[in-house]
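Below: one structure, written as C-alpha cells.
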Amino acid sequence: MSATRAWTATRFMAEKPRPIEQMLDLPEEEPSAEHLDNQVQRAQEQLLQLKRQQEQIEKQKRELEELSRRQDELEQGRGEMTDKLTRALVVLEREAYNAQSRLEQIRVARESFAQHLELVEAIDPRNWDPSDLHKELSRALSTVDDARTEYNEHRSRLQAAGGGNGEQSLPDAAAGVYEKTDGRSFSQWVQIGLALTLPLIIFGAIAIAVFAWLASR
C-alpha cells in the first residue's frame, strides 16, 4: 500500500502543470534588438497600409458625396427647367397666334390704305367738268370720307390687337381734317378749280347777255 502511494505521488509530481511561460511559448531568453526592429517595421508597414486604406475610403466617400450632390442638382434643375420651358411654350404659342393675327390685320390695313391713297391722290379739281362742279365735288368728298372711315376702323383694330401701340404709330384722323396733297389742302384745290372756271363762267354770262341783246333787236 505504501509502495502504491509512493508511485502515485511520484507520477503526480512528474505530471504537474508546466509554467505559464512554457504554455505561452515565450522564448526563455529576452528578444534581441533585431527582432524588435523587425516587429516595429512590420507595425509601421501595417499602419501605413491602414492609412492608405483610410485615405482610399475617404476618397470614395467624397466621390459618393459629390455624385449624390450632382444627382440632386440634376433632379432640381431638370424639374425647374421642365416647368419653365412648359410655361414658356404656352406663352410663345399665344404670342405667335397674336402675332399672326396682328400681321394679318396689318396686311389688310396696308392694302386698304394703299387703295384709298391711290383714290385720294387721284383727286384733281383741275380735271373736273366745270358744268358739273357740284357733282364732282360731292364725289371727291365722298372718296375722302370713305378713306377716313377705313383708316379709323383699321387704326382701332390695330390699337386693340397691339395693346395701344397702334396709337403711337398711326396718327388720329379727325373728321373735317383733310390731308394735304402737293403742299395744298383740299379746300385750296377747290378754290383753284373755281379760279380756273371763273373766266369760263364770266365768258358764258357775257355770251348769254350778247345773245339776249341781239335777240331783242
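Each chain of the C-alpha cells is named A, B, ... in the order shown, its residues numbered from 1; ligands are numbered from 1 in display order.
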Who sits within 12 Å of Glu150 of chain A, only C-alpha atoms, same chain under 6 positions skipped, as a ChimeraX atom specification: /A:108-117,143-144,156-157,173
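Reported to one decimal place, the separation of atom CA of Glu104 of chain A from atom CA of Tyr151 of chain A is 15.8 Å.
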Between atom CA of Glu153 of chain A and atom CA of Leu141 of chain A - distance in Å to one decimal: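 Between atom CA of Leu141 of chain A and atom CA of Glu153 of chain A the gap works out to 18.4 Å.
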